[in-house]
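Reproduced below: upload.csv, with CSV, C-alpha atoms.
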chain,number,residue,atom,x,y,z
W,207,MET,CA,2.5,-34.3,14.6
W,208,ASN,CA,1.6,-37.5,12.8
W,209,ALA,CA,-0.2,-38.2,9.5
W,210,THR,CA,-1.6,-41.1,7.6
W,211,ILE,CA,-2.5,-41.2,3.9
W,212,LEU,CA,-4.8,-43.9,2.5
W,213,LEU,CA,-5.6,-44.2,-1.2
W,214,CYS,CA,-9.2,-45.2,-1.9
W,215,ASP,CA,-12.0,-45.1,-4.4
W,216,ALA,CA,-14.0,-42.5,-2.4
W,217,ALA,CA,-13.9,-40.8,1.1
W,218,VAL,CA,-16.2,-38.6,3.2
W,219,VAL,CA,-15.8,-36.9,6.5
W,220,SER,CA,-18.9,-36.8,8.6
W,221,ASP,CA,-19.2,-36.0,12.3
W,222,ALA,CA,-15.4,-35.8,12.4
W,223,LYS,CA,-15.1,-39.4,11.3
W,224,LEU,CA,-13.4,-40.5,8.1
W,225,PHE,CA,-15.5,-42.9,5.9
W,226,VAL,CA,-13.5,-44.8,3.3
W,227,LEU,CA,-14.8,-46.8,0.3
W,228,GLY,CA,-12.5,-49.2,-1.5
W,229,GLY,CA,-9.4,-48.2,0.6
W,230,GLY,CA,-5.9,-49.4,0.6
W,231,TRP,CA,-5.2,-49.9,-3.1
W,232,SER,CA,-1.9,-49.3,-4.8
W,233,LEU,CA,-2.5,-50.2,-8.5
W,234,VAL,CA,-4.9,-48.5,-10.9
W,235,GLY,CA,-5.5,-48.1,-14.6
W,236,PRO,CA,-4.2,-48.3,-17.1
W,237,GLY,CA,-6.8,-45.7,-18.2
W,238,PRO,CA,-7.7,-42.6,-16.2
W,239,THR,CA,-9.3,-43.7,-12.9
W,240,PRO,CA,-11.0,-41.5,-10.2
W,241,MET,CA,-9.3,-41.7,-6.9
W,242,ALA,CA,-9.6,-40.3,-3.4
W,243,ILE,CA,-7.2,-39.6,-0.6
W,244,ALA,CA,-8.2,-40.2,3.0
W,245,LEU,CA,-6.0,-38.0,5.2
W,246,LYS,CA,-5.8,-38.3,9.0
W,247,MET,CA,-3.6,-35.8,10.8
W,248,ASP,CA,-2.9,-36.0,14.5
W,249,ILE,CA,-2.2,-32.5,15.7
W,250,ASP,CA,-0.1,-32.0,18.8
W,251,TYR,CA,-2.2,-30.9,21.9
W,252,GLU,CA,0.0,-27.8,22.2
W,253,SER,CA,-0.6,-26.8,18.5
W,254,VAL,CA,-4.4,-26.4,18.7
W,255,ASP,CA,-6.0,-23.0,18.1
W,256,GLU,CA,-3.3,-22.2,15.6
W,257,GLU,CA,-3.7,-21.9,11.8
W,258,HIS,CA,-2.3,-24.9,10.0
W,259,HIS,CA,-1.6,-25.4,6.2
W,260,TRP,CA,-1.4,-28.7,4.4
W,261,GLU,CA,-0.3,-29.6,0.9
W,262,LEU,CA,-0.3,-32.8,-1.2
W,263,PHE,CA,1.9,-33.1,-4.2
W,264,LEU,CA,1.7,-35.8,-6.9
W,265,GLU,CA,5.1,-36.8,-8.0
W,266,GLU,CA,6.7,-39.5,-10.2
W,267,LEU,CA,8.8,-42.0,-8.3
W,268,SER,CA,11.9,-40.0,-9.4
W,269,GLY,CA,10.6,-37.0,-7.4
W,270,GLU,CA,9.6,-35.0,-10.5
W,271,ALA,CA,6.2,-33.2,-10.2
W,272,VAL,CA,3.4,-34.6,-12.3
W,273,ILE,CA,2.4,-31.8,-14.7
W,274,PHE,CA,-0.8,-31.5,-16.8
W,275,GLU,CA,-1.7,-29.0,-19.4
W,276,THR,CA,-4.5,-26.7,-18.3
W,277,PRO,CA,-6.2,-23.7,-19.9
W,278,GLU,CA,-3.8,-21.6,-17.9
W,279,GLY,CA,-0.8,-23.6,-19.1
W,280,PRO,CA,1.2,-26.5,-17.5
W,281,ARG,CA,0.4,-27.0,-13.8
W,282,PRO,CA,1.6,-29.5,-11.2
W,283,VAL,CA,-1.0,-31.7,-9.6
W,284,GLU,CA,-1.4,-30.3,-6.1
W,285,VAL,CA,-4.1,-30.1,-3.4
W,286,ARG,CA,-3.9,-27.8,-0.4
W,287,GLY,CA,-5.9,-26.4,2.4
W,288,ASP,CA,-5.9,-24.7,5.8
W,289,PHE,CA,-7.5,-25.7,9.1
W,290,ARG,CA,-7.7,-24.7,12.7
W,291,VAL,CA,-8.6,-27.2,15.4
W,292,GLY,CA,-10.0,-26.5,18.8
W,293,ARG,CA,-9.3,-28.5,22.0
W,294,PRO,CA,-12.4,-30.6,22.9
W,295,GLU,CA,-13.2,-30.2,26.6
W,296,GLU,CA,-13.3,-34.0,27.0
W,297,MET,CA,-9.9,-34.6,25.4
W,298,PRO,CA,-7.3,-35.5,28.1
W,299,ALA,CA,-4.3,-33.1,28.3
W,300,GLY,CA,-1.5,-34.1,26.0
W,301,SER,CA,-3.6,-36.2,23.7
W,302,PRO,CA,-3.2,-35.5,19.9
W,303,ILE,CA,-6.3,-34.0,18.2
W,304,PRO,CA,-7.3,-35.8,15.0
W,305,VAL,CA,-8.1,-33.9,11.9
W,306,ASN,CA,-9.7,-35.9,9.0
W,307,ILE,CA,-9.8,-34.7,5.4
W,308,ALA,CA,-11.4,-36.5,2.4
W,309,ILE,CA,-10.1,-35.5,-1.1
W,310,ASN,CA,-12.0,-36.9,-4.0
W,311,LEU,CA,-10.4,-36.5,-7.4
W,312,GLY,CA,-11.7,-37.0,-10.9
W,313,PRO,CA,-9.9,-39.3,-13.4
W,314,LEU,CA,-6.3,-38.4,-13.8
W,315,PRO,CA,-4.7,-39.3,-17.2
W,316,LEU,CA,-1.6,-40.8,-15.7
W,317,GLU,CA,1.0,-42.5,-17.8
W,318,PRO,CA,0.6,-46.3,-17.8
W,319,GLY,CA,3.3,-48.5,-16.4
W,320,LYS,CA,4.7,-46.0,-14.0
W,321,THR,CA,4.9,-45.5,-10.2
W,322,PHE,CA,3.7,-42.3,-8.5
W,323,LEU,CA,3.4,-41.0,-5.0
W,324,TRP,CA,1.4,-38.4,-3.1
W,325,LYS,CA,3.6,-36.5,-0.8
W,326,LEU,CA,2.2,-34.6,2.2
W,327,SER,CA,3.5,-31.4,3.8
W,328,ILE,CA,2.0,-29.8,7.0
W,329,ASP,CA,3.1,-26.3,7.9
W,330,GLY,CA,6.0,-26.6,5.5
W,331,HIS,CA,7.2,-29.8,7.2
W,332,SER,CA,7.2,-33.3,5.7
W,333,GLU,CA,8.2,-36.8,7.0
W,334,PRO,CA,9.4,-39.7,4.9
W,335,ASN,CA,6.3,-41.8,5.8
W,336,TRP,CA,3.9,-39.0,4.8
W,337,THR,CA,3.5,-40.5,1.4
W,338,ALA,CA,1.2,-42.9,-0.5
W,339,THR,CA,2.7,-44.7,-3.4
W,340,PHE,CA,0.8,-46.3,-6.3
W,341,ALA,CA,1.4,-47.6,-9.8
W,342,THR,CA,-0.5,-47.6,-13.0
W,343,ARG,CA,-1.0,-50.8,-14.9
W,344,ALA,CA,0.8,-51.0,-18.2
W,345,MET,CA,-1.3,-51.0,-21.4
W,346,PRO,CA,-1.9,-54.6,-22.5
W,347,GLY,CA,0.9,-55.6,-24.9
W,348,LEU,CA,3.1,-52.7,-23.8
W,349,HIS,CA,6.1,-53.4,-21.6
W,350,VAL,CA,7.5,-50.3,-19.9
W,351,ILE,CA,10.8,-50.3,-18.0
W,352,GLU,CA,11.0,-47.4,-15.5
W,353,GLY,CA,14.2,-45.4,-16.0
W,354,GLY,CA,14.6,-46.8,-19.5
W,355,VAL,CA,14.9,-44.9,-22.7
Re-express the file's structure as structure tokens.
Amino acid sequence: MNATILLCDAAVVSDAKLFVLGGGWSLVGPGPTPMAIALKMDIDYESVDEEHHWELFLEELSGEAVIFETPEGPRPVEVRGDFRVGRPEEMPAGSPIPVNIAINLGPLPLEPGKTFLWKLSIDGHSEPNWTATFATRAMPGLHVIEGGV
């Protein structure tokens, strides 16, 4: 299985194709900014017709989960879903089957001057390259040193 994560301004899936607007950025802010995640997963030919579960976790560069206060109390920023993919008749045997997902998020009040990453897990498994790293601009006139006190 393989996966690609692309940060963008907006994304849509239509006719099994992934449409991306403003894709490939890695710097936002400093204020809350809407973002989208274009997710392309290539499912092994032998793994079709099975139920699959995916999860995206927003973390600080240190690996700590990004937590926001909600009416239900503090919650980590996570997005998840399930899918089942069939084997198209015209797909050659052994070919991976693409699954495209578009996740559009509202503005997230992320701390300025920090680095974050979205980390993907599929069926409880993750790979080091299944991440998308981005930073938030520092507030004008404010100098932030990550890891500092």
**OP:** Determine, counting all atoms listed in the file, which protein, DNA and RNA residues have an atom within 7 Å of an atom of region 279-286 of chain W; residues of the same chain fewer than 6 positions away are not included. Present the result as a ChimeraX atom specification.
**Re:** /W:260-264,271-273
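Straight-line separation from CA of Gly229 (chain W) to CA of Thr342 (chain W): 16.3 Å.
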Original post:
Which is closer to Arg293 (chain W) than all the others in W:Leu267, W:Ala242, W:Ile249, W:Ile307, using only C-alpha atoms?
Top reply: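 Among the listed residues, W:Ile249 lies closest to Arg293 (chain W).
Counting from CA of Phe289 (chain W), the distance to CA of Asn335 (chain W) is 21.5 Å.
One distance worth recording is that between CA of Val234 (chain W) and CA of Phe340 (chain W), which is 7.6 Å.
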Original post:
Taking (-2.6, -26.4, 24.4) in the file's coordinates, which residues come within 12 Å, counting all atoms listed in the file, written as a PyMOL selection string?
Top reply: chain W and resi 249-256+291-295+297-303
Subject >> Minimum-distance residue to Gly287 (chain W), chosen among W:Ala338, W:Pro318, W:Ile328, W:Gly269 (using only C-alpha atoms) >> reply: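 Checking each candidate against Gly287 (chain W), we get W:Ile328 as the closest.
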Hey, could you make a per-residue contact list for region 251-349 of chain W against region 210-226 of chain W with 9 Å as the cut-off, showing the nearest pair of atoms and its distance in Å to one decimal, counting only C-alpha atoms, sorted by chain and number, as JSON lines?
{"residue": "W:Pro304", "atom": "CA", "partner": "W:Ala222", "partner_atom": "CA", "distance": 8.5}
{"residue": "W:Val305", "atom": "CA", "partner": "W:Ala222", "partner_atom": "CA", "distance": 7.6}
{"residue": "W:Asn306", "atom": "CA", "partner": "W:Leu224", "partner_atom": "CA", "distance": 6.0}
{"residue": "W:Ile307", "atom": "CA", "partner": "W:Val219", "partner_atom": "CA", "distance": 6.5}
{"residue": "W:Ala308", "atom": "CA", "partner": "W:Ala217", "partner_atom": "CA", "distance": 5.1}
{"residue": "W:Ile309", "atom": "CA", "partner": "W:Ala217", "partner_atom": "CA", "distance": 6.9}
{"residue": "W:Asn310", "atom": "CA", "partner": "W:Ala216", "partner_atom": "CA", "distance": 6.2}
{"residue": "W:Leu311", "atom": "CA", "partner": "W:Ala216", "partner_atom": "CA", "distance": 8.6}
{"residue": "W:Trp324", "atom": "CA", "partner": "W:Ile211", "partner_atom": "CA", "distance": 8.5}
{"residue": "W:Leu326", "atom": "CA", "partner": "W:Ile211", "partner_atom": "CA", "distance": 8.3}
{"residue": "W:Asn335", "atom": "CA", "partner": "W:Thr210", "partner_atom": "CA", "distance": 8.1}
{"residue": "W:Trp336", "atom": "CA", "partner": "W:Thr210", "partner_atom": "CA", "distance": 6.5}
{"residue": "W:Thr337", "atom": "CA", "partner": "W:Ile211", "partner_atom": "CA", "distance": 6.5}
{"residue": "W:Ala338", "atom": "CA", "partner": "W:Ile211", "partner_atom": "CA", "distance": 6.0}
{"residue": "W:Thr339", "atom": "CA", "partner": "W:Leu213", "partner_atom": "CA", "distance": 8.6}
{"residue": "W:Phe340", "atom": "CA", "partner": "W:Leu213", "partner_atom": "CA", "distance": 8.4}
Original post:
At most 8 Å from (-4.0, -49.8, -16.3), file frame, only C-alpha atoms: which residues, as a list in words?
Top reply: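 Answer for this query, in the requested form: Leu233, Val234, Gly235, Pro236, Gly237, Pro318, Gly319, Thr342, Arg343, Ala344 and Met345 of chain W.
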Original post:
When distances are computed from all atoms listed in the file, which of W:Glu257, W:Glu270, W:Glu333, W:Glu275 shows the smallest separation from Ala209 (chain W)?
Top reply: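 Comparing W:Glu257, W:Glu270, W:Glu333, W:Glu275 against Ala209 (chain W), the winner is W:Glu333.
For the residues W:Leu245, W:Asp288, W:Pro240, W:Glu265, ranking by smallest atom-to-atom distance to Phe322 (chain W) using only C-alpha atoms places W:Glu265 first.
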N, CA and C atoms restored at region 232-256 of chain W, emitted as an mmCIF file, in the frame of the given file:
data_model
loop_
_atom_site.group_PDB
_atom_site.id
_atom_site.type_symbol
_atom_site.label_atom_id
_atom_site.label_comp_id
_atom_site.auth_asym_id
_atom_site.auth_seq_id
_atom_site.Cartn_x
_atom_site.Cartn_y
_atom_site.Cartn_z
ATOM 1 N N SER W 232 -3.123 -49.897 -4.362
ATOM 2 C CA SER W 232 -1.900 -49.300 -4.800
ATOM 3 C C SER W 232 -1.610 -49.546 -6.294
ATOM 4 N N LEU W 233 -2.654 -49.982 -7.026
ATOM 5 C CA LEU W 233 -2.500 -50.200 -8.500
ATOM 6 C C LEU W 233 -3.820 -49.789 -9.139
ATOM 7 N N VAL W 234 -3.710 -48.968 -10.176
ATOM 8 C CA VAL W 234 -4.900 -48.500 -10.900
ATOM 9 C C VAL W 234 -4.613 -48.534 -12.404
ATOM 10 N N GLY W 235 -5.665 -48.243 -13.149
ATOM 11 C CA GLY W 235 -5.500 -48.100 -14.600
ATOM 12 C C GLY W 235 -5.579 -49.382 -15.355
ATOM 13 N N PRO W 236 -5.120 -49.293 -16.600
ATOM 14 C CA PRO W 236 -4.200 -48.300 -17.100
ATOM 15 C C PRO W 236 -4.835 -47.002 -17.558
ATOM 16 N N GLY W 237 -6.139 -46.961 -17.755
ATOM 17 C CA GLY W 237 -6.800 -45.700 -18.200
ATOM 18 C C GLY W 237 -7.016 -44.794 -16.996
ATOM 19 N N PRO W 238 -7.451 -43.559 -17.279
ATOM 20 C CA PRO W 238 -7.700 -42.600 -16.200
ATOM 21 C C PRO W 238 -8.778 -43.184 -15.230
ATOM 22 N N THR W 239 -8.486 -43.088 -13.956
ATOM 23 C CA THR W 239 -9.300 -43.700 -12.900
ATOM 24 C C THR W 239 -9.545 -42.629 -11.812
ATOM 25 N N PRO W 240 -10.800 -42.424 -11.376
ATOM 26 C CA PRO W 240 -11.000 -41.500 -10.200
ATOM 27 C C PRO W 240 -10.307 -42.128 -8.997
ATOM 28 N N MET W 241 -9.879 -41.266 -8.108
ATOM 29 C CA MET W 241 -9.300 -41.700 -6.900
ATOM 30 C C MET W 241 -9.605 -40.740 -5.770
ATOM 31 N N ALA W 242 -9.411 -41.199 -4.553
ATOM 32 C CA ALA W 242 -9.600 -40.300 -3.400
ATOM 33 C C ALA W 242 -8.457 -40.549 -2.436
ATOM 34 N N ILE W 243 -8.242 -39.560 -1.604
ATOM 35 C CA ILE W 243 -7.200 -39.600 -0.600
ATOM 36 C C ILE W 243 -7.878 -39.383 0.758
ATOM 37 N N ALA W 244 -7.740 -40.360 1.650
ATOM 38 C CA ALA W 244 -8.200 -40.200 3.000
ATOM 39 C C ALA W 244 -7.034 -39.788 3.857
ATOM 40 N N LEU W 245 -7.116 -38.618 4.434
ATOM 41 C CA LEU W 245 -6.000 -38.000 5.200
ATOM 42 C C LEU W 245 -6.371 -37.852 6.629
ATOM 43 N N LYS W 246 -5.571 -38.460 7.515
ATOM 44 C CA LYS W 246 -5.800 -38.300 9.000
ATOM 45 C C LYS W 246 -4.531 -37.687 9.551
ATOM 46 N N MET W 247 -4.701 -36.524 10.134
ATOM 47 C CA MET W 247 -3.600 -35.800 10.800
ATOM 48 C C MET W 247 -3.844 -35.768 12.271
ATOM 49 N N ASP W 248 -2.836 -36.089 13.055
ATOM 50 C CA ASP W 248 -2.900 -36.000 14.500
ATOM 51 C C ASP W 248 -2.130 -34.755 14.934
ATOM 52 N N ILE W 249 -2.838 -33.734 15.380
ATOM 53 C CA ILE W 249 -2.200 -32.500 15.700
ATOM 54 C C ILE W 249 -1.827 -32.474 17.201
ATOM 55 N N ASP W 250 -0.616 -32.037 17.470
ATOM 56 C CA ASP W 250 -0.100 -32.000 18.800
ATOM 57 C C ASP W 250 -1.048 -31.147 19.712
ATOM 58 N N TYR W 251 -1.270 -31.600 20.908
ATOM 59 C CA TYR W 251 -2.200 -30.900 21.900
ATOM 60 C C TYR W 251 -1.777 -29.454 22.023
ATOM 61 N N GLU W 252 -0.476 -29.174 22.003
ATOM 62 C CA GLU W 252 0.000 -27.800 22.200
ATOM 63 C C GLU W 252 -0.169 -26.935 20.934
ATOM 64 N N SER W 253 -0.487 -27.559 19.776
ATOM 65 C CA SER W 253 -0.600 -26.800 18.500
ATOM 66 C C SER W 253 -2.033 -26.498 18.117
ATOM 67 N N VAL W 254 -2.985 -26.759 19.016
ATOM 68 C CA VAL W 254 -4.400 -26.400 18.700
ATOM 69 C C VAL W 254 -4.564 -24.910 18.773
ATOM 70 N N ASP W 255 -5.654 -24.452 18.207
ATOM 71 C CA ASP W 255 -6.000 -23.000 18.100
ATOM 72 C C ASP W 255 -5.025 -22.229 17.304
ATOM 73 N N GLU W 256 -4.169 -22.901 16.536
ATOM 74 C CA GLU W 256 -3.300 -22.200 15.600
ATOM 75 C C GLU W 256 -3.729 -22.560 14.180
#
